[in-house]
$ cat query27.csv   # CSV, C-alpha atoms and all ligand atoms
chain,number,residue,atom,x,y,z
A,1,MET,CA,-27.8,-0.1,-47.0
A,2,LYS,CA,-24.9,-2.1,-48.5
A,3,LYS,CA,-22.5,0.4,-46.9
A,4,THR,CA,-24.1,-0.1,-43.5
A,5,ILE,CA,-23.8,-3.9,-43.8
A,6,PHE,CA,-20.2,-3.5,-44.8
A,7,LEU,CA,-19.3,-1.3,-41.8
A,8,PHE,CA,-21.1,-3.7,-39.5
A,9,THR,CA,-19.1,-6.6,-40.8
A,10,ILE,CA,-15.8,-4.8,-40.3
A,11,LEU,CA,-16.8,-3.9,-36.7
A,12,LEU,CA,-17.7,-7.5,-36.1
A,13,LEU,CA,-14.4,-8.7,-37.5
A,14,LEU,CA,-12.5,-6.3,-35.3
A,15,ALA,CA,-14.4,-7.4,-32.2
A,16,ASN,CA,-13.6,-11.1,-33.0
A,17,CYS,CA,-9.9,-10.3,-33.4
A,18,LYS,CA,-9.8,-8.7,-29.9
A,19,GLN,CA,-11.6,-11.7,-28.4
A,20,ALA,CA,-9.2,-14.1,-30.2
A,21,GLU,CA,-6.3,-12.1,-28.7
A,22,LYS,CA,-7.7,-12.4,-25.3
A,23,ASP,CA,-8.5,-16.1,-25.7
A,24,SER,CA,-5.0,-16.9,-26.8
A,25,GLY,CA,-3.6,-15.2,-23.7
A,26,GLN,CA,-2.3,-12.2,-25.7
A,27,VAL,CA,-2.5,-8.8,-24.2
A,28,VAL,CA,-4.9,-6.2,-25.3
A,29,ALA,CA,-3.0,-3.0,-24.6
A,30,GLU,CA,-4.7,-0.3,-22.6
A,31,THR,CA,-5.7,2.6,-24.8
A,32,THR,CA,-5.5,5.4,-22.2
A,33,ASP,CA,-3.4,8.4,-23.2
A,34,LYS,CA,-0.4,9.1,-21.1
A,35,ALA,CA,-1.2,11.3,-18.1
A,36,GLU,CA,1.2,14.1,-17.3
A,37,PHE,CA,1.5,12.8,-13.7
A,38,SER,CA,-0.5,10.7,-11.4
A,39,ILE,CA,-0.8,9.7,-7.7
A,40,VAL,CA,-2.6,7.1,-5.6
A,41,ILE,CA,-2.5,6.3,-1.9
A,42,HIS,CA,-3.8,3.7,0.6
A,43,GLY,CA,-4.4,3.9,4.3
A,44,GLY,CA,-4.6,0.1,4.9
A,45,ALA,CA,-7.0,-2.7,3.9
A,46,GLY,CA,-9.0,-5.0,6.1
A,47,THR,CA,-12.4,-5.7,7.6
A,48,ILE,CA,-13.6,-2.2,7.1
A,49,LEU,CA,-17.4,-2.3,7.2
A,50,LYS,CA,-19.8,0.5,6.9
A,51,LYS,CA,-21.8,-0.9,9.8
A,52,ASN,CA,-18.8,-0.4,12.1
A,53,MET,CA,-18.2,3.2,11.0
A,54,THR,CA,-19.7,6.4,12.2
A,55,PRO,CA,-20.2,9.3,9.8
A,56,GLU,CA,-17.7,11.3,11.9
A,57,LYS,CA,-15.0,8.6,11.7
A,58,GLU,CA,-15.6,8.2,8.0
A,59,ALA,CA,-15.3,12.0,7.5
A,60,ALA,CA,-12.1,12.0,9.5
A,61,TYR,CA,-10.5,9.3,7.4
A,62,LYS,CA,-11.5,11.0,4.2
A,63,ALA,CA,-10.2,14.3,5.4
A,64,ILE,CA,-6.7,12.9,6.0
A,65,LEU,CA,-6.6,10.9,2.8
A,66,GLU,CA,-7.5,14.1,0.9
A,67,GLU,CA,-5.0,16.2,2.8
A,68,ALA,CA,-2.3,13.7,2.1
A,69,ILE,CA,-3.0,13.2,-1.6
A,70,ARG,CA,-3.2,17.0,-2.2
A,71,VAL,CA,0.3,17.4,-0.8
A,72,GLY,CA,1.7,14.9,-3.3
A,73,TYR,CA,-0.5,16.3,-6.1
A,74,GLU,CA,0.9,19.8,-5.6
A,75,ILE,CA,4.5,18.5,-5.6
A,76,LEU,CA,3.9,16.7,-8.9
A,77,LYS,CA,1.9,19.5,-10.5
A,78,ASN,CA,4.8,21.9,-9.7
A,79,GLY,CA,7.3,19.6,-11.4
A,80,GLY,CA,8.6,17.9,-8.3
A,81,THR,CA,9.8,14.3,-8.2
A,82,SER,CA,7.7,11.3,-7.6
A,83,LEU,CA,10.0,10.4,-4.7
A,84,ASP,CA,9.3,13.7,-3.0
A,85,ALA,CA,5.6,13.3,-3.6
A,86,VAL,CA,5.6,9.8,-2.1
A,87,THR,CA,7.7,10.8,0.9
A,88,LYS,CA,5.7,14.0,1.8
A,89,THR,CA,2.3,12.3,1.2
A,90,ILE,CA,3.2,9.5,3.5
A,91,ASN,CA,4.5,12.0,6.2
A,92,VAL,CA,0.9,13.4,6.4
A,93,MET,CA,-0.5,10.0,7.1
A,94,GLU,CA,2.4,9.1,9.5
A,95,ASP,CA,1.4,12.2,11.5
A,96,SER,CA,-2.2,11.0,11.9
A,97,PRO,CA,-3.2,8.7,14.7
A,98,LEU,CA,-5.9,7.2,12.5
A,99,PHE,CA,-3.4,5.2,10.5
A,100,ASN,CA,-1.1,2.4,11.6
A,101,ALA,CA,2.1,4.3,10.6
A,102,GLY,CA,4.2,6.8,12.6
A,103,LYS,CA,1.9,8.2,15.3
A,104,GLY,CA,-0.9,5.6,15.6
A,105,ALA,CA,1.3,2.6,15.0
A,106,VAL,CA,0.0,-0.6,16.5
A,107,PHE,CA,1.6,-2.2,19.6
A,108,THR,CA,3.8,-5.4,19.8
A,109,ASN,CA,3.0,-8.1,22.3
A,110,ALA,CA,5.6,-6.4,24.6
A,111,GLY,CA,3.7,-3.1,24.5
A,112,THR,CA,6.3,-1.4,22.3
A,113,ASN,CA,5.9,0.1,18.8
A,114,GLU,CA,8.2,-1.3,16.1
A,115,LEU,CA,7.9,0.5,12.8
A,116,ASP,CA,8.8,-0.5,9.2
A,117,ALA,CA,9.1,1.4,6.0
A,118,SER,CA,10.4,1.3,2.5
A,119,ILE,CA,10.7,3.4,-0.7
A,120,MET,CA,11.8,2.7,-4.2
A,121,ASP,CA,12.9,4.8,-7.1
A,122,GLY,CA,11.6,3.5,-10.5
A,123,LYS,CA,14.3,5.4,-12.5
A,124,THR,CA,17.4,3.9,-10.9
A,125,LEU,CA,15.8,0.8,-9.2
A,126,ASN,CA,17.5,2.2,-6.0
A,127,ALA,CA,15.7,1.4,-2.8
A,128,GLY,CA,15.8,2.0,1.0
A,129,ALA,CA,14.1,0.2,3.9
A,130,SER,CA,14.1,0.2,7.6
A,131,ALA,CA,12.6,-2.4,10.0
A,132,GLY,CA,11.7,-2.4,13.7
A,133,THR,CA,12.6,1.1,14.7
A,134,THR,CA,11.2,2.6,17.9
A,135,ASN,CA,12.2,6.2,18.0
A,136,VAL,CA,12.2,7.6,14.4
A,137,LYS,CA,9.2,9.9,14.0
A,138,TYR,CA,8.9,9.5,10.2
A,139,PRO,CA,10.1,6.0,9.2
A,140,ILE,CA,9.6,6.8,5.5
A,141,ASP,CA,12.2,9.6,5.8
A,142,LEU,CA,14.6,7.0,7.2
A,143,ALA,CA,13.9,4.6,4.3
A,144,ARG,CA,14.6,7.5,2.0
A,145,ALA,CA,17.9,8.4,3.8
A,146,ILE,CA,19.0,4.8,3.6
A,147,MET,CA,18.4,4.9,-0.1
A,148,ASP,CA,20.0,8.3,-0.7
A,149,ASN,CA,22.8,8.4,1.7
A,150,SER,CA,24.0,4.9,2.4
A,151,PRO,CA,25.5,2.0,0.4
A,152,HIS,CA,22.8,-0.3,1.8
A,153,VAL,CA,19.1,-1.1,1.0
A,154,MET,CA,17.9,-2.2,4.4
A,155,MET,CA,18.7,-1.5,8.0
A,156,ALA,CA,17.0,-2.8,11.2
A,157,GLY,CA,16.6,-2.0,14.9
A,158,ASN,CA,19.3,-0.2,16.8
A,159,GLY,CA,21.6,0.1,13.7
A,160,ALA,CA,18.8,1.8,11.7
A,161,GLU,CA,18.1,4.2,14.7
A,162,LYS,CA,21.8,5.0,15.0
A,163,PHE,CA,21.9,5.8,11.2
A,164,ALA,CA,18.7,8.0,11.6
A,165,GLU,CA,20.5,9.9,14.4
A,166,GLU,CA,23.6,10.4,12.2
A,167,GLN,CA,21.4,11.7,9.4
A,168,GLY,CA,19.8,14.3,11.7
A,169,LEU,CA,16.3,12.8,11.3
A,170,GLU,CA,13.7,13.7,13.8
A,171,LEU,CA,13.8,11.3,16.8
A,172,VAL,CA,11.1,11.0,19.5
A,173,GLU,CA,10.7,9.2,22.7
A,174,PRO,CA,9.1,5.8,22.1
A,175,SER,CA,6.1,6.9,24.1
A,176,TYR,CA,5.3,9.4,21.3
A,177,PHE,CA,3.8,6.5,19.4
A,178,TYR,CA,1.4,5.6,22.3
A,179,THR,CA,-2.3,6.0,21.4
A,180,GLU,CA,-5.1,4.7,23.7
A,181,ASN,CA,-7.0,3.2,20.8
A,182,ARG,CA,-4.1,1.0,19.8
A,183,MET,CA,-3.3,0.0,23.4
A,184,ASN,CA,-6.9,-1.1,23.7
A,185,SER,CA,-6.5,-3.2,20.6
A,186,LEU,CA,-3.5,-4.9,22.1
A,187,LYS,CA,-5.3,-5.6,25.3
A,188,ARG,CA,-8.2,-7.1,23.3
A,189,ALA,CA,-5.7,-9.2,21.3
A,190,ILE,CA,-3.9,-10.5,24.3
A,191,GLU,CA,-7.2,-11.2,26.1
A,192,SER,CA,-8.7,-13.2,23.2
A,193,GLU,CA,-5.4,-15.0,22.7
A,194,LYS,CA,-5.5,-16.2,26.3
A,195,ILE,CA,-9.1,-17.5,25.9
A,196,GLU,CA,-8.6,-18.9,22.4
A,197,LEU,CA,-5.2,-20.6,23.0
A,198,ASP,CA,-6.9,-22.8,25.6
A,199,HIS,CA,-8.8,-24.3,22.7
A,200,ASP,CA,-7.5,-26.9,20.4
A,201,ASP,CA,-7.8,-25.2,17.1
A,202,LYS,CA,-4.9,-22.7,17.3
A,203,ALA,CA,-4.7,-22.4,13.5
A,204,ALA,CA,-8.3,-21.3,13.3
A,205,PHE,CA,-7.7,-18.8,16.0
A,206,TYR,CA,-4.9,-17.2,14.1
A,207,ASP,CA,-6.8,-17.2,10.8
A,208,THR,CA,-9.8,-15.4,12.3
A,209,THR,CA,-8.1,-13.0,14.6
A,210,ILE,CA,-4.9,-12.0,12.7
A,211,LYS,CA,-7.1,-10.7,9.9
A,212,ASP,CA,-8.5,-8.0,12.2
A,213,TYR,CA,-5.1,-7.1,13.8
A,214,LYS,CA,-3.8,-5.1,10.9
A,215,PHE,CA,-5.3,-1.9,9.8
A,216,GLY,CA,-4.1,1.3,8.5
A,217,THR,CA,-0.6,0.8,6.9
A,218,VAL,CA,-0.1,3.7,4.6
A,219,GLY,CA,1.4,3.8,1.1
A,220,CYS,CA,1.7,5.9,-2.0
A,221,ALA,CA,2.7,5.4,-5.7
A,222,ALA,CA,3.3,8.3,-8.1
A,223,LEU,CA,4.4,9.2,-11.6
A,224,ASP,CA,6.0,12.6,-12.1
A,225,LYS,CA,6.2,14.9,-15.1
A,226,ASN,CA,9.6,13.4,-16.1
A,227,GLY,CA,8.1,9.9,-16.4
A,228,ASN,CA,9.7,8.7,-13.2
A,229,LEU,CA,7.8,6.3,-10.9
A,230,ALA,CA,8.2,5.9,-7.2
A,231,ALA,CA,6.5,4.0,-4.4
A,232,GLY,CA,6.7,3.9,-0.6
A,233,THR,CA,5.0,2.2,2.3
A,234,SER,CA,5.1,2.8,6.1
A,235,THR,CA,3.6,0.7,8.9
A,236,GLY,CA,3.5,-0.3,12.6
A,237,GLY,CA,2.9,-3.9,11.3
A,238,MET,CA,0.5,-6.1,13.2
A,239,THR,CA,-1.0,-5.7,16.6
A,240,ASN,CA,0.4,-8.2,19.1
A,241,LYS,CA,3.3,-9.1,16.8
A,242,ARG,CA,6.4,-10.6,18.6
A,243,TRP,CA,9.8,-12.0,18.2
A,244,GLY,CA,10.9,-9.1,16.1
A,245,ARG,CA,8.4,-10.0,13.5
A,246,VAL,CA,8.8,-7.9,10.3
A,247,GLY,CA,6.1,-7.8,7.7
A,248,ASP,CA,6.0,-7.1,4.0
A,249,ALA,CA,6.1,-3.3,4.2
A,250,PRO,CA,9.8,-2.9,4.3
A,251,ILE,CA,10.5,-5.8,1.9
A,252,ILE,CA,11.3,-4.5,-1.5
A,253,GLY,CA,9.4,-6.6,-4.0
A,254,SER,CA,6.7,-7.4,-1.5
A,255,GLY,CA,5.5,-4.2,0.2
A,256,THR,CA,7.0,-1.8,-2.3
A,257,TYR,CA,8.3,-1.8,-5.8
A,258,ALA,CA,8.9,0.7,-8.6
A,259,ASN,CA,10.3,0.4,-12.1
A,260,ASN,CA,10.0,3.0,-14.8
A,261,ALA,CA,9.6,0.3,-17.4
A,262,THR,CA,6.4,-1.0,-15.7
A,263,CYS,CA,4.8,0.5,-12.6
A,264,ALA,CA,5.1,1.6,-8.9
A,265,VAL,CA,3.2,-0.5,-6.2
A,266,SER,CA,2.6,-0.2,-2.5
A,267,SER,CA,0.9,-3.1,-0.7
A,268,THR,CA,-1.1,-3.5,2.5
A,269,GLY,CA,-2.5,-6.6,4.1
A,270,TRP,CA,-1.5,-9.7,5.8
A,271,GLY,CA,2.3,-9.3,5.4
A,272,GLU,CA,3.3,-13.0,5.6
A,273,TYR,CA,1.3,-13.7,2.5
A,274,PHE,CA,2.5,-10.6,0.7
A,275,ILE,CA,6.1,-11.7,1.3
A,276,ARG,CA,5.4,-15.2,0.1
A,277,ALA,CA,3.6,-14.0,-3.0
A,278,GLN,CA,6.2,-11.2,-3.7
A,279,VAL,CA,3.2,-9.1,-4.5
A,280,ALA,CA,4.7,-5.8,-5.6
A,281,HIS,CA,7.4,-7.2,-7.8
A,282,ASP,CA,5.1,-9.9,-9.2
A,283,ILE,CA,2.8,-7.2,-10.6
A,284,SER,CA,5.7,-5.5,-12.3
A,285,ALA,CA,7.0,-8.8,-13.6
A,286,LEU,CA,3.7,-9.7,-15.2
A,287,MET,CA,3.7,-6.4,-17.0
A,288,GLU,CA,7.4,-6.7,-18.0
A,289,TYR,CA,7.5,-10.3,-19.1
A,290,LYS,CA,4.0,-11.0,-20.1
A,291,GLY,CA,2.9,-7.6,-21.3
A,292,LEU,CA,-0.2,-7.6,-19.0
A,293,SER,CA,-1.8,-4.2,-18.3
A,294,LEU,CA,-1.5,-2.9,-14.7
A,295,GLU,CA,-5.1,-3.8,-14.0
A,296,GLU,CA,-4.7,-7.3,-15.3
A,297,ALA,CA,-1.5,-7.8,-13.4
A,298,ALA,CA,-2.9,-6.4,-10.1
A,299,LYS,CA,-6.0,-8.6,-10.3
A,300,THR,CA,-3.9,-11.7,-11.0
A,301,VAL,CA,-1.6,-11.2,-8.1
A,302,ILE,CA,-4.2,-10.2,-5.5
A,303,GLY,CA,-6.0,-13.4,-6.7
A,304,LYS,CA,-2.9,-15.4,-6.0
A,305,VAL,CA,-2.7,-13.9,-2.5
A,306,GLY,CA,-6.3,-15.0,-1.9
A,307,ASP,CA,-5.6,-18.5,-3.2
A,308,LEU,CA,-2.9,-18.8,-0.6
A,309,GLY,CA,-5.3,-17.7,2.1
A,310,GLY,CA,-4.1,-14.2,2.6
A,311,ASP,CA,-5.9,-10.9,2.2
A,312,GLY,CA,-5.1,-7.3,1.6
A,313,GLY,CA,-4.6,-5.0,-1.4
A,314,ILE,CA,-2.4,-2.7,-3.4
A,315,VAL,CA,-2.3,0.7,-5.0
A,316,ALA,CA,-0.3,1.2,-8.1
A,317,VAL,CA,0.5,3.6,-11.0
A,318,ASP,CA,1.9,2.5,-14.3
A,319,LYS,CA,4.2,4.4,-16.6
A,320,ASN,CA,1.3,6.0,-18.4
A,321,GLY,CA,-0.4,7.2,-15.2
A,322,ASN,CA,-3.1,4.5,-15.1
A,323,VAL,CA,-4.0,3.7,-11.5
A,324,ALA,CA,-5.0,0.4,-9.9
A,325,MET,CA,-6.5,0.0,-6.4
A,326,GLU,CA,-7.1,-3.7,-6.0
A,327,PHE,CA,-8.0,-5.6,-2.8
A,328,ASN,CA,-9.8,-8.7,-1.6
A,329,THR,CA,-10.8,-7.4,1.8
A,330,ALA,CA,-14.1,-5.7,2.8
A,331,GLY,CA,-12.5,-2.3,2.4
A,332,MET,CA,-9.3,-0.4,1.8
A,333,TYR,CA,-8.8,3.3,2.6
A,334,ARG,CA,-7.7,4.8,-0.7
A,335,ALA,CA,-7.5,7.9,-2.8
A,336,THR,CA,-6.3,8.9,-6.2
A,337,MET,CA,-6.0,12.2,-8.1
A,338,ASN,CA,-5.3,12.7,-11.7
A,339,ASP,CA,-3.4,15.4,-13.5
A,340,LYS,CA,-6.6,17.5,-13.8
A,341,GLY,CA,-7.0,17.5,-10.0
A,342,GLU,CA,-10.0,15.2,-10.1
A,343,LEU,CA,-10.2,13.3,-6.7
A,344,TYR,CA,-11.5,9.9,-6.0
A,345,LEU,CA,-11.8,8.7,-2.3
A,346,GLY,CA,-12.9,5.2,-1.4
A,347,ILE,CA,-13.2,3.1,1.8
A,348,TYR,CA,-15.5,0.2,1.2
A,349,ASN,CA,-15.7,-2.4,-1.6
A,350,ASP,CA,-17.9,-0.5,-3.9
B,1,LIG,N1,1.2,-5.4,5.7
B,1,LIG,C1,1.4,-5.0,7.1
B,1,LIG,C2,2.2,-6.0,7.8
B,1,LIG,O1,1.9,-7.2,7.6
B,1,LIG,C3,0.1,-4.7,7.8
B,1,LIG,C4,-0.9,-3.9,7.0
B,1,LIG,O2,-0.7,-3.7,5.8
B,1,LIG,O3,-1.9,-3.4,7.6
B,1,LIG,O4,3.0,-5.6,8.6
$ encode --input "query27.csv" --output "structure tokens" --more "lines below"
Ligand code: ASP
Amino acid sequence: MKKTIFLFTILLLLANCKQAEKDSGQVVAETTDKAEFSIVIHGGAGTILKKNMTPEKEAAYKAILEEAIRVGYEILKNGGTSLDAVTKTINVMEDSPLFNAGKGAVFTNAGTNELDASIMDGKTLNAGASAGTTNVKYPIDLARAIMDNSPHVMMAGNGAEKFAEEQGLELVEPSYFYTENRMNSLKRAIESEKIELDHDDKAAFYDTTIKDYKFGTVGCAALDKNGNLAAGTSTGGMTNKRWGRVGDAPIIGSGTYANNATCAVSSTGWGEYFIRAQVAHDISALMEYKGLSLEEAAKTVIGKVGDLGGDGGIVAVDKNGNVAMEFNTAGMYRATMNDKGELYLGIYND
């Protein structure tokens, strides 16, 4: 009996210590063992509601998410680099008209498609990004080429397209990106803008409609067997965007960030807020400077986005292979696979 009471007291003391650490703002380290490798992807966050989904559509999204993550998983399992896993995984989603990246990119107000992408290497902190390209089939490949084969980090518009050509990347006619679905979204956006802009409350119009004009950006974060982290993001941006608008996806530190000392992050959501909150780097910084766990850091930063009035989410992997999929929207297309090949697929906020 005495022994039991003694043990109970010790346990109680230990529990109190943990609580005291938490209360004093100290970090309670995650206890997870280091995974051999790890991968997580997103296919965009937004007002994704079950009531608006058919079983067929849901199955189609899940099928591509699974196909994409398996590509990255195989690369990592066979000892490939996280950079290759990120690039090839994103290529699968860029090929699918379901996502707002590559084929399936949303339309600008002028009826064009202007694509953005970025990638970052957590080992070297090297990075590449492209903005506003109209004829590069796989924008993530361009971001990668900028990182690997140029002295620059970011290229935009015609110059980026010229570089893509010089690099021998696959180019397409701009009409390749046309999909009826996205054209209908643009028509709807322009139509409701016409009606709404006659009203006085323009700010309210933007708040309620912009939220629904961004869906399906894609991104990936991965840890490879050598302990190297990488992240990448690819998007068509926002339906009805104009004036050469560029979102967070190609901004290193906002849409994408990777650092072997902390984590790799890819964002999706209302880009203006993700730029202002420096989402991807802020998560890494909270881990680096405050010792927060990935989960704590991700929750804090998405909370800050929400406080500003923005919405969206992130996927991330830390240096031990822990995964975070944090969002403040109704849903986020997402998937993760651990080193044992166990798959998780998610769409809604469950
Ligand atoms: N973040 C992207 C942008 O603002 C859109 C998205 O993630 O769906 O361009």
$ residues_around --input "query27.csv" --residues "A:Arg276" --least-positions-apart "3" --cutoff "12 Å" --atoms "only C-alpha atoms" --output "CSV table (one decimal) with C-alpha atoms, in the frame of the given file"
chain,number,residue,atom,x,y,z
A,247,GLY,CA,6.1,-7.8,7.7
A,248,ASP,CA,6.0,-7.1,4.0
A,251,ILE,CA,10.5,-5.8,1.9
A,253,GLY,CA,9.4,-6.6,-4.0
A,254,SER,CA,6.7,-7.4,-1.5
A,255,GLY,CA,5.5,-4.2,0.2
A,270,TRP,CA,-1.5,-9.7,5.8
A,271,GLY,CA,2.3,-9.3,5.4
A,272,GLU,CA,3.3,-13.0,5.6
A,273,TYR,CA,1.3,-13.7,2.5
A,279,VAL,CA,3.2,-9.1,-4.5
A,280,ALA,CA,4.7,-5.8,-5.6
A,281,HIS,CA,7.4,-7.2,-7.8
A,282,ASP,CA,5.1,-9.9,-9.2
A,301,VAL,CA,-1.6,-11.2,-8.1
A,304,LYS,CA,-2.9,-15.4,-6.0
A,305,VAL,CA,-2.7,-13.9,-2.5
A,306,GLY,CA,-6.3,-15.0,-1.9
A,307,ASP,CA,-5.6,-18.5,-3.2
A,308,LEU,CA,-2.9,-18.8,-0.6
A,309,GLY,CA,-5.3,-17.7,2.1
A,310,GLY,CA,-4.1,-14.2,2.6
$ atom_distance --input "query27.csv" --atom1 "atom C1 of ligand LIG 1 (chain B)" --atom2 "atom CA of A:Gly227"
28.6 Å
$ closest_residue --input "query27.csv" --among "A:Leu294, A:Leu115, A:Ile146, A:Ala60" --to "ligand LIG 1 (chain B)" --atoms "all atoms listed in the file"
A:Leu115
$ atom_distance --input "query27.csv" --atom1 "atom CA of A:Asp121" --atom2 "atom CA of A:Leu83"
6.7 Å
$ residues_near_ligand --input "query27.csv" --ligand "ligand LIG 1 (chain B)" --cutoff "6 Å" --atoms "only C-alpha atoms and all ligand atoms" --output "list in words"
Gly44, Lys214, Phe215, Gly216, Thr217, Gly237, Met238, Gly247, Asp248, Ala249, Thr268, Gly269, Trp270 and Gly271 of chain A
